[in-house]
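As stored in run02.txt (compact mmCIF, C-alpha atoms and all ligand atoms):
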# COMPACT_ATOMS: atom_id res chain seq x y z
CA MET H 1103 -36.83 4.30 1.22
CA VAL H 1104 -37.46 3.20 -2.39
CA ALA H 1105 -35.23 4.25 -5.29
CA ALA H 1106 -37.05 6.37 -7.91
CA ASP H 1107 -36.41 3.79 -10.65
CA ASN H 1108 -37.96 1.08 -8.47
CA LEU H 1109 -41.33 2.80 -7.94
CA GLN H 1110 -43.25 0.85 -10.62
CA LYS H 1111 -41.79 -2.53 -9.67
CA THR H 1112 -42.94 -5.24 -7.28
CA PRO H 1113 -40.54 -5.81 -4.36
CA GLN H 1114 -39.31 -8.98 -6.16
CA GLU H 1115 -38.47 -7.05 -9.34
CA ALA H 1116 -36.96 -4.06 -7.62
CA THR H 1117 -33.19 -3.80 -7.75
CA PHE H 1118 -31.37 -3.51 -4.45
CA ASN H 1119 -30.79 0.14 -3.52
CA LEU H 1120 -27.43 -0.02 -1.76
CA LEU H 1121 -27.12 3.70 -1.10
CA ALA H 1122 -30.49 3.86 0.67
CA TYR H 1123 -29.60 0.66 2.57
CA LEU H 1124 -26.23 2.03 3.71
CA LYS H 1125 -27.78 5.34 4.75
CA GLU H 1126 -30.45 3.65 6.83
CA ARG H 1127 -27.95 1.23 8.42
CA GLN H 1128 -25.48 4.04 9.14
CA LYS H 1129 -28.27 5.87 10.96
CA ILE H 1130 -29.16 2.95 13.24
CA CYS H 1131 -25.51 2.21 13.96
CA GLU H 1132 -24.81 5.86 14.82
CA ALA H 1133 -27.79 5.89 17.21
CA ALA H 1134 -26.63 2.68 18.94
CA LEU H 1135 -23.04 3.96 19.27
CA ASP H 1136 -24.24 7.30 20.62
CA LYS H 1137 -26.32 5.50 23.26
CA ALA H 1138 -23.54 3.01 24.13
CA ILE H 1139 -21.12 5.61 25.51
CA PRO H 1140 -22.75 8.44 27.46
CA ILE H 1141 -20.62 11.15 29.07
CA ILE H 1142 -20.14 10.51 32.79
CA TYR H 1143 -17.29 11.23 35.24
CA PRO H 1144 -14.40 11.45 34.36
CA GLU H 1145 -15.86 13.41 31.44
CA LYS H 1146 -12.58 13.95 29.60
CA ILE H 1147 -12.10 10.31 28.67
CA TYR H 1148 -15.71 9.78 27.57
CA GLU H 1149 -15.59 12.97 25.49
CA SER H 1150 -12.38 11.80 23.82
CA MET H 1151 -13.85 8.33 23.10
CA ARG H 1152 -17.02 9.86 21.65
CA TYR H 1153 -15.06 12.45 19.64
CA SER H 1154 -13.58 9.74 17.42
CA LEU H 1155 -16.38 7.18 17.65
CA LEU H 1156 -19.02 9.64 16.46
CA ALA H 1157 -16.85 11.40 13.88
CA GLY H 1158 -18.56 9.77 10.90
CA GLY H 1159 -16.95 7.16 8.70
CA LYS H 1160 -18.68 4.69 6.43
CA ARG H 1161 -19.65 2.30 9.27
CA LEU H 1162 -18.85 -0.56 6.92
CA ARG H 1163 -17.78 -2.94 9.67
CA PRO H 1164 -20.94 -2.82 11.82
CA ILE H 1165 -23.07 -2.86 8.66
CA LEU H 1166 -21.30 -6.04 7.50
CA CYS H 1167 -21.87 -7.65 10.90
CA LEU H 1168 -25.61 -6.83 10.90
CA ALA H 1169 -26.05 -7.81 7.23
CA THR H 1170 -24.41 -11.20 7.73
CA CYS H 1171 -26.47 -11.94 10.82
CA GLU H 1172 -29.67 -11.13 8.89
CA MET H 1173 -28.58 -13.16 5.87
CA MET H 1174 -28.10 -16.18 8.12
CA GLY H 1175 -31.58 -15.80 9.65
CA GLY H 1176 -30.77 -13.66 12.70
CA THR H 1177 -32.00 -10.17 13.59
CA ILE H 1178 -30.46 -6.71 13.88
CA GLU H 1179 -31.10 -6.74 17.66
CA MET H 1180 -29.11 -9.96 18.08
CA ALA H 1181 -26.03 -8.53 16.35
CA MET H 1182 -26.14 -4.85 17.38
CA PRO H 1183 -23.82 -5.16 20.43
CA ALA H 1184 -21.24 -6.99 18.29
CA ALA H 1185 -21.73 -4.42 15.50
CA CYS H 1186 -21.05 -1.57 17.96
CA ALA H 1187 -18.05 -3.49 19.30
CA VAL H 1188 -16.39 -3.83 15.87
CA GLU H 1189 -16.84 -0.12 15.21
CA MET H 1190 -15.33 0.70 18.65
CA ILE H 1191 -12.38 -1.56 17.89
CA HIS H 1192 -11.93 -0.05 14.42
CA THR H 1193 -12.06 3.46 15.89
CA MET H 1194 -9.49 2.62 18.57
CA SER H 1195 -7.16 1.24 15.90
CA LEU H 1196 -7.52 4.50 13.94
CA ILE H 1197 -6.80 6.61 17.06
CA HIS H 1198 -3.65 4.62 17.84
CA ASP H 1199 -2.60 4.44 14.16
CA ASP H 1200 -2.72 8.26 13.94
CA LEU H 1201 -0.46 8.82 16.99
CA PRO H 1202 2.98 10.43 16.47
CA ALA H 1203 4.59 7.10 17.48
CA MET H 1204 2.82 5.40 14.55
CA ASP H 1205 1.55 7.14 11.37
CA ASN H 1206 1.55 10.64 12.88
CA ASP H 1207 -1.57 11.99 11.15
CA ASP H 1208 -3.31 15.28 11.81
CA TYR H 1209 -6.66 14.50 10.17
CA ARG H 1210 -9.04 11.57 10.24
CA ARG H 1211 -12.65 11.38 9.09
CA GLY H 1212 -12.40 15.04 8.09
CA LYS H 1213 -11.55 16.20 11.63
CA LEU H 1214 -8.39 16.76 13.65
CA THR H 1215 -7.09 13.48 15.02
CA ASN H 1216 -7.85 12.53 18.62
CA HIS H 1217 -4.34 13.29 19.96
CA LYS H 1218 -4.38 16.72 18.27
CA ILE H 1219 -7.41 17.63 20.40
CA TYR H 1220 -6.83 15.70 23.62
CA GLY H 1221 -3.05 15.04 23.63
CA ASP H 1222 -1.23 11.73 23.21
CA ALA H 1223 -1.89 10.33 26.69
CA VAL H 1224 -5.67 10.79 26.58
CA ALA H 1225 -5.79 9.53 22.96
CA ILE H 1226 -4.02 6.31 24.00
CA LEU H 1227 -6.43 5.92 26.91
CA ALA H 1228 -9.46 6.67 24.72
CA GLY H 1229 -8.36 3.83 22.43
CA ASP H 1230 -7.88 1.55 25.42
CA GLY H 1231 -11.30 2.54 26.80
CA LEU H 1232 -13.01 1.77 23.49
CA LEU H 1233 -11.23 -1.57 23.17
CA ALA H 1234 -12.19 -2.67 26.68
CA TYR H 1235 -15.80 -1.51 26.32
CA ALA H 1236 -16.16 -3.34 23.00
CA PHE H 1237 -15.68 -6.68 24.78
CA GLU H 1238 -17.81 -5.67 27.75
CA MET H 1239 -20.61 -4.69 25.39
CA VAL H 1240 -20.65 -8.00 23.50
CA ALA H 1241 -20.55 -9.97 26.75
CA THR H 1242 -23.22 -8.00 28.63
CA GLN H 1243 -25.55 -6.53 25.98
CA THR H 1244 -26.03 -9.37 23.50
CA PRO H 1245 -29.67 -10.43 24.04
CA ASP H 1246 -30.58 -13.76 25.68
CA SER H 1247 -31.98 -14.99 22.34
CA VAL H 1248 -28.32 -15.56 21.37
CA PRO H 1249 -26.98 -18.71 23.09
CA LYS H 1250 -24.02 -17.99 25.39
CA ASP H 1251 -21.66 -20.35 23.54
CA ARG H 1252 -22.08 -18.15 20.44
CA VAL H 1253 -21.25 -15.03 22.48
CA LEU H 1254 -18.14 -16.78 23.74
CA GLN H 1255 -17.10 -17.65 20.17
CA VAL H 1256 -17.57 -14.01 19.16
CA VAL H 1257 -15.37 -12.81 22.04
CA ALA H 1258 -12.67 -15.32 21.04
CA ARG H 1259 -12.85 -14.41 17.34
CA LEU H 1260 -12.61 -10.69 18.08
CA GLY H 1261 -9.66 -11.19 20.43
CA ARG H 1262 -7.80 -13.21 17.82
CA ALA H 1263 -8.54 -10.71 15.03
CA LEU H 1264 -7.08 -7.84 17.07
CA GLY H 1265 -4.02 -9.27 18.73
CA ALA H 1266 -0.62 -10.32 17.43
CA ALA H 1267 -2.35 -12.83 15.12
CA GLY H 1268 -4.32 -9.97 13.53
CA LEU H 1269 -4.27 -6.15 13.56
CA VAL H 1270 -1.38 -5.81 16.00
CA GLY H 1271 0.76 -8.26 14.00
CA GLY H 1272 -0.04 -6.49 10.72
CA GLN H 1273 0.74 -3.08 12.22
CA VAL H 1274 4.10 -4.20 13.60
CA VAL H 1275 5.23 -5.57 10.22
CA ASP H 1276 3.94 -2.39 8.56
CA LEU H 1277 5.99 -0.21 10.95
CA ASP H 1278 9.04 -2.43 10.36
CA SER H 1279 8.64 -2.05 6.59
CA GLU H 1280 8.67 1.76 6.68
CA GLY H 1281 11.33 3.28 4.46
CA LYS H 1282 12.27 -0.08 2.93
CA LEU H 1283 11.88 -0.33 -0.83
CA ASP H 1284 12.47 -4.06 -1.13
CA ILE H 1285 9.22 -5.17 0.51
CA SER H 1286 7.95 -8.32 -1.22
CA LEU H 1287 4.39 -8.93 -2.39
CA GLU H 1288 4.24 -11.67 0.26
CA THR H 1289 5.09 -9.23 3.08
CA LEU H 1290 2.72 -6.60 1.72
CA THR H 1291 -0.08 -9.15 1.58
CA PHE H 1292 0.74 -10.30 5.13
CA ILE H 1293 0.45 -6.70 6.35
CA HIS H 1294 -2.91 -6.10 4.73
CA ASN H 1295 -4.42 -9.49 5.53
CA HIS H 1296 -3.64 -8.76 9.19
CA LYS H 1297 -4.04 -4.97 9.44
CA THR H 1298 -7.19 -4.64 7.39
CA ALA H 1299 -8.76 -7.95 6.35
CA ALA H 1300 -8.68 -9.62 9.80
CA LEU H 1301 -11.19 -7.19 11.33
CA LEU H 1302 -13.45 -7.23 8.26
CA GLU H 1303 -13.40 -11.03 8.48
CA ALA H 1304 -14.32 -10.93 12.17
CA CYS H 1305 -17.26 -8.60 11.42
CA VAL H 1306 -18.74 -10.98 8.86
CA VAL H 1307 -17.97 -14.22 10.69
CA CYS H 1308 -19.24 -12.92 14.05
CA GLY H 1309 -22.50 -11.81 12.40
CA GLY H 1310 -22.86 -15.36 11.07
CA ILE H 1311 -21.97 -17.03 14.38
CA ILE H 1312 -24.54 -14.92 16.26
CA ALA H 1313 -27.23 -16.16 13.87
CA GLY H 1314 -26.10 -19.79 14.31
CA ALA H 1315 -24.30 -20.33 10.98
CA SER H 1316 -23.04 -23.89 10.40
CA PRO H 1317 -19.27 -24.55 10.29
CA GLU H 1318 -19.53 -24.94 6.51
CA ASP H 1319 -21.27 -21.56 6.17
CA VAL H 1320 -18.67 -19.98 8.49
CA GLN H 1321 -16.02 -21.25 6.05
CA ARG H 1322 -17.85 -19.61 3.14
CA LEU H 1323 -18.21 -16.36 5.10
CA THR H 1324 -14.50 -16.50 5.92
CA ARG H 1325 -13.56 -16.81 2.24
CA TYR H 1326 -16.00 -14.02 1.28
CA SER H 1327 -14.60 -11.67 3.90
CA GLN H 1328 -10.92 -12.44 3.27
CA ASN H 1329 -11.45 -11.59 -0.40
CA ILE H 1330 -13.30 -8.33 0.28
CA GLY H 1331 -10.71 -7.46 2.95
CA LEU H 1332 -7.78 -7.62 0.58
CA ALA H 1333 -9.76 -5.86 -2.17
CA PHE H 1334 -10.62 -3.12 0.36
CA GLN H 1335 -6.94 -2.47 1.05
CA ILE H 1336 -5.95 -2.51 -2.65
CA VAL H 1337 -8.64 0.12 -3.28
CA ASP H 1338 -7.41 2.07 -0.25
CA ASP H 1339 -3.91 2.15 -1.79
CA ILE H 1340 -5.35 3.32 -5.14
CA LEU H 1341 -7.43 6.03 -3.45
CA ASP H 1342 -4.33 7.31 -1.65
CA ILE H 1343 -3.06 8.22 -5.13
CA THR H 1344 -6.24 9.17 -6.99
CA ALA H 1345 -8.52 10.80 -4.36
CA THR H 1346 -8.22 14.21 -2.71
CA THR H 1347 -7.67 14.94 0.98
CA GLU H 1348 -11.24 16.33 1.10
CA GLN H 1349 -12.69 13.10 -0.34
CA LEU H 1350 -10.67 10.91 2.03
CA GLY H 1351 -11.07 13.03 5.17
CA LYS H 1352 -7.35 12.32 5.84
CA SER H 1353 -4.12 13.33 4.12
CA ALA H 1354 -4.02 11.98 0.54
CA GLY H 1355 -0.76 10.95 -1.14
CA LYS H 1356 0.86 9.81 2.11
CA ASP H 1357 2.13 6.53 0.67
CA LEU H 1358 3.91 8.30 -2.18
CA THR H 1359 5.44 10.90 0.15
CA ALA H 1360 6.61 8.17 2.53
CA LYS H 1361 7.84 6.11 -0.48
CA LYS H 1362 5.77 3.24 0.89
CA VAL H 1363 5.50 0.00 -1.07
CA THR H 1364 1.82 -0.50 -1.99
CA TYR H 1365 -0.13 -2.60 -4.49
CA PRO H 1366 -0.20 0.22 -7.08
CA SER H 1367 3.56 0.77 -6.63
CA LEU H 1368 4.14 -2.94 -7.39
CA TRP H 1369 1.49 -3.51 -10.06
CA GLY H 1370 0.43 -0.06 -11.33
CA ILE H 1371 -3.07 1.38 -10.88
CA GLU H 1372 -4.87 -0.48 -13.67
CA GLU H 1373 -3.53 -3.90 -12.70
CA SER H 1374 -4.39 -3.16 -9.06
CA ARG H 1375 -7.98 -2.34 -10.07
CA THR H 1376 -8.21 -5.59 -12.01
CA LYS H 1377 -6.92 -7.61 -9.03
CA ALA H 1378 -9.40 -5.91 -6.69
CA GLN H 1379 -12.24 -6.69 -9.10
CA GLN H 1380 -11.18 -10.35 -9.33
CA LEU H 1381 -11.19 -10.60 -5.53
CA ILE H 1382 -14.69 -9.11 -5.39
CA GLU H 1383 -15.94 -11.63 -7.96
CA ALA H 1384 -14.39 -14.49 -5.96
CA ALA H 1385 -16.05 -13.10 -2.81
CA CYS H 1386 -19.48 -12.92 -4.47
CA ALA H 1387 -19.14 -16.50 -5.78
CA GLU H 1388 -19.06 -17.63 -2.13
CA LEU H 1389 -22.48 -16.04 -1.56
CA LYS H 1390 -24.31 -17.96 -4.30
CA PRO H 1391 -25.69 -20.72 -2.01
CA PHE H 1392 -27.33 -18.07 0.21
CA GLY H 1393 -29.56 -16.81 -2.64
CA LYS H 1394 -31.52 -13.56 -2.46
CA PRO H 1395 -30.82 -12.81 1.24
CA ALA H 1396 -27.17 -12.35 0.17
CA GLN H 1397 -28.06 -9.25 -1.89
CA PRO H 1398 -26.75 -6.73 0.69
CA LEU H 1399 -23.40 -8.54 1.12
CA GLU H 1400 -23.02 -8.80 -2.65
CA ALA H 1401 -23.79 -5.11 -3.14
CA ILE H 1402 -21.38 -4.13 -0.33
CA ALA H 1403 -18.63 -6.17 -2.00
CA HIS H 1404 -19.12 -4.22 -5.25
CA PHE H 1405 -19.27 -0.94 -3.32
CA ILE H 1406 -15.76 -1.66 -2.02
CA THR H 1407 -14.29 -1.28 -5.50
CA SER H 1408 -16.52 1.61 -6.63
CA ARG H 1409 -16.15 3.82 -3.52
CA ASN H 1410 -14.28 7.14 -3.64
CA ASN H 1411 -13.44 7.42 0.06
C1 LIG I 1501 -6.53 -3.41 17.75
C2 LIG I 1501 -5.32 -3.82 19.93
C3 LIG I 1501 -5.37 -3.12 18.64
C4 LIG I 1501 -4.38 -2.24 18.33
C5 LIG I 1501 -4.33 -1.43 17.08
C6 LIG I 1501 -2.85 0.70 15.32
C7 LIG I 1501 -3.15 -0.74 15.09
C8 LIG I 1501 -3.11 -1.68 16.25
C9 LIG I 1501 -3.48 -1.21 13.87
C10 LIG I 1501 -3.69 -0.36 12.67
C11 LIG I 1501 -4.92 -0.82 11.96
C12 LIG I 1501 -5.33 0.11 10.84
C13 LIG I 1501 -5.46 1.55 11.12
C14 LIG I 1501 -5.61 -0.42 9.64
C15 LIG I 1501 -6.11 0.38 8.49
C16 LIG I 1501 -7.50 -0.09 8.16
C17 LIG I 1501 -8.21 0.84 7.21
C18 LIG I 1501 -8.11 0.55 5.76
C19 LIG I 1501 -8.91 1.88 7.69
C20 LIG I 1501 -9.80 2.74 6.91
O1 LIG I 1501 -11.10 2.16 7.04
P1 LIG I 1501 -12.38 2.86 6.45
O2 LIG I 1501 -12.11 3.40 5.07
O3 LIG I 1501 -12.56 4.09 7.45
O4 LIG I 1501 -13.53 1.92 6.57
P2 LIG I 1501 -13.92 4.79 7.96
O5 LIG I 1501 -13.44 6.12 8.50
O6 LIG I 1501 -14.85 4.94 6.79
O7 LIG I 1501 -14.47 3.92 9.04

Final C-alpha cells representation of the file:
Amino acid sequence: MVAADNLQKTPQEATFNLLAYLKERQKICEAALDKAIPIIYPEKIYESMRYSLLAGGKRLRPILCLATCEMMGGTIEMAMPAACAVEMIHTMSLIHDDLPAMDNDDYRRGKLTNHKIYGDAVAILAGDGLLAYAFEMVATQTPDSVPKDRVLQVVARLGRALGAAGLVGGQVVDLDSEGKLDISLETLTFIHNHKTAALLEACVVCGGIIAGASPEDVQRLTRYSQNIGLAFQIVDDILDITATTEQLGKSAGKDLTAKKVTYPSLWGIEESRTKAQQLIEAACAELKPFGKPAQPLEAIAHFITSRNN
C-alpha cells in the first residue's frame, strides 16, 4: 500500500509509510498466530490461549523480530516462528500479570482479562501452554534455511530474557516495590530493563541472529533495543497518566491510584518525554551503519514515543 503523498515519487524518493507497514505486518502476524494454535481436545485450554493471543495488541514484538531479520538480510519466513514465539511469550506475561495474585486487572487489550473469563486456574495454565509452545515452535518450525546453531542461540536468548535474569526478575522486584514510596531511580530502571526491555531486546537480537548477524552487529542491535525498551516503558508510564482507558484498552491511572513510583512521578511528564526522546535518538544512532534497510526499525523507534496506546 502506498501513502497518498508518495504517489508521484519514485520508490527511492518515497518516504517510509510506517502506518501502512505496521498494518500489513500486523495482518501477517495475526494470520500466523491464528494458524499456530488451532482448537483441539481439550478445547478449553486452546480456547483460553487463543482468547488472549488473538485479542489484538500492537504486535510490536513480532514486527521488531521480522524487521530486524530482514534488515540483516534474512526473510520473513526465516523469522516467523520466532516472531510468533515472542508474541506468545508476551501474551503469557500479560495473562499472568493480570491475575489477582499480581496486578489484578479486569481489562486487557479492550477485553475482559483471561482469568475473568476462564478463572484463575485455566488462565495460569493458558500462560504456561503459550510459554511452552513458544519454545516448541522455534525449535520445530524454524525452516531448514536457518542453521541449527542459530536456532539454539535463539532458544537460549529467549530463555534468558524470560527467567529470573529477565521478565521474572523484573516482575518480582516490581511486586516487592508495591506501596513503597522510596523506590530509587536505580531500582525503577532495574524493574523496567528486566520487565519490559529484556523481551524487546530478545525480539530484535533473535531476528538478527536468525539472519546471521555478526557479533558486532548483535552488539549494535542490543544497544538499539535496550534504548527503545526503556523509552517504551517511560512512554507507558506517561500514557498511564495522559491516556484514557478506552485508548489503552486497560485501566488508565492505575499507577497514580496505587501510588506507584514511575518515571513521571520522579521526573515529571515533560522531563520524562525528553528522556524518552533522547533514548530514541541514541537507539537510532546505532542503526546508521545499516543504511536504508534500517528504515523500518528507525520508524518503529520514533513510533514508540509518538504512540497513544
Ligand atoms: C515470562 C516466565 C514469564 C513469566 C511472566 C508476569 C511476568 C512474569 C512479568 C510481567 C511482564 C509485563 C506484563 C511487563 C509489562 C510490559 C508492557 C509494557 C506491556 C504492554 O505492552 P504493549 O503496549 O501491549 O506492547 P500490546 O497489547 O500492544 O501487545

- prompt: To one decimal place, how far is atom CA of Ala1387 of chain H from atom P1 of ligand LIG 1501 (chain I) in Å?
  reply: 23.9 Å

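Excluding Asn1410 of chain H itself and same-chain residues fewer than 4 positions from it, the residues having an atom within 8 Å of it are Leu1341, Ala1345, Gln1349 and Leu1350 of chain H, counting all atoms listed in the file.
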
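Among the candidates H:Ile1343, H:Gly1221, H:Glu1189, H:Leu1120, the residue lying nearest to Ala1403 of chain H is H:Leu1120 (atoms considered: all atoms listed in the file).
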
Pull the closest atom pair for each residue of chain H that gets at most 8 Å from ligand LIG 1501 (chain I), along with the distance in Å to one decimal, counting all atoms listed in the file, ordering rows by chain and then ascending residue number, as a Markdown table.
| residue | atom | partner | partner_atom | distance |
| --- | --- | --- | --- | --- |
| H:Gly1158 | CA | I:LIG1501 | O5 | 6.7 |
| H:Gly1159 | CA | I:LIG1501 | O6 | 3.6 |
| H:Lys1160 | CA | I:LIG1501 | O6 | 3.9 |
| H:Arg1161 | CA | I:LIG1501 | O7 | 5.4 |
| H:Leu1162 | CA | I:LIG1501 | O4 | 5.9 |
| H:Arg1163 | CA | I:LIG1501 | O4 | 7.2 |
| H:Glu1189 | CA | I:LIG1501 | O7 | 7.7 |
| H:Ile1191 | CA | I:LIG1501 | C1 | 6.1 |
| H:His1192 | CA | I:LIG1501 | O7 | 7.2 |
| H:Thr1193 | CA | I:LIG1501 | O7 | 7.3 |
| H:Met1194 | CA | I:LIG1501 | C5 | 6.7 |
| H:Ser1195 | CA | I:LIG1501 | C5 | 4.1 |
| H:Leu1196 | CA | I:LIG1501 | C13 | 4.6 |
| H:Ile1197 | CA | I:LIG1501 | C6 | 7.3 |
| H:His1198 | CA | I:LIG1501 | C6 | 4.7 |
| H:Asp1199 | CA | I:LIG1501 | C6 | 3.9 |
| H:Asp1200 | CA | I:LIG1501 | C6 | 7.7 |
| H:Met1204 | CA | I:LIG1501 | C6 | 7.4 |
| H:Arg1210 | CA | I:LIG1501 | O5 | 7.2 |
| H:Arg1211 | CA | I:LIG1501 | O5 | 5.4 |
| H:Leu1233 | CA | I:LIG1501 | C2 | 7.1 |
| H:Leu1264 | CA | I:LIG1501 | C1 | 4.5 |
| H:Gly1265 | CA | I:LIG1501 | C2 | 5.7 |
| H:Leu1269 | CA | I:LIG1501 | C9 | 5.0 |
| H:Val1270 | CA | I:LIG1501 | C8 | 4.5 |
| H:Gly1271 | CA | I:LIG1501 | C8 | 8.0 |
| H:Gly1272 | CA | I:LIG1501 | C9 | 7.0 |
| H:Gln1273 | CA | I:LIG1501 | C9 | 4.9 |
| H:His1294 | CA | I:LIG1501 | C14 | 8.0 |
| H:Lys1297 | CA | I:LIG1501 | C14 | 4.8 |
| H:Thr1298 | CA | I:LIG1501 | C16 | 4.6 |
| H:Phe1334 | CA | I:LIG1501 | C18 | 7.0 |
| H:Gln1335 | CA | I:LIG1501 | C18 | 5.7 |
| H:Asp1338 | CA | I:LIG1501 | C18 | 6.2 |
| H:Asn1411 | CA | I:LIG1501 | O2 | 6.6 |

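Candidate residues H:Leu1399, H:Ala1378, H:Ala1134, H:Val1363 were compared for distance to Ile1285 of chain H, and the nearest is H:Val1363, using all atoms listed in the file.
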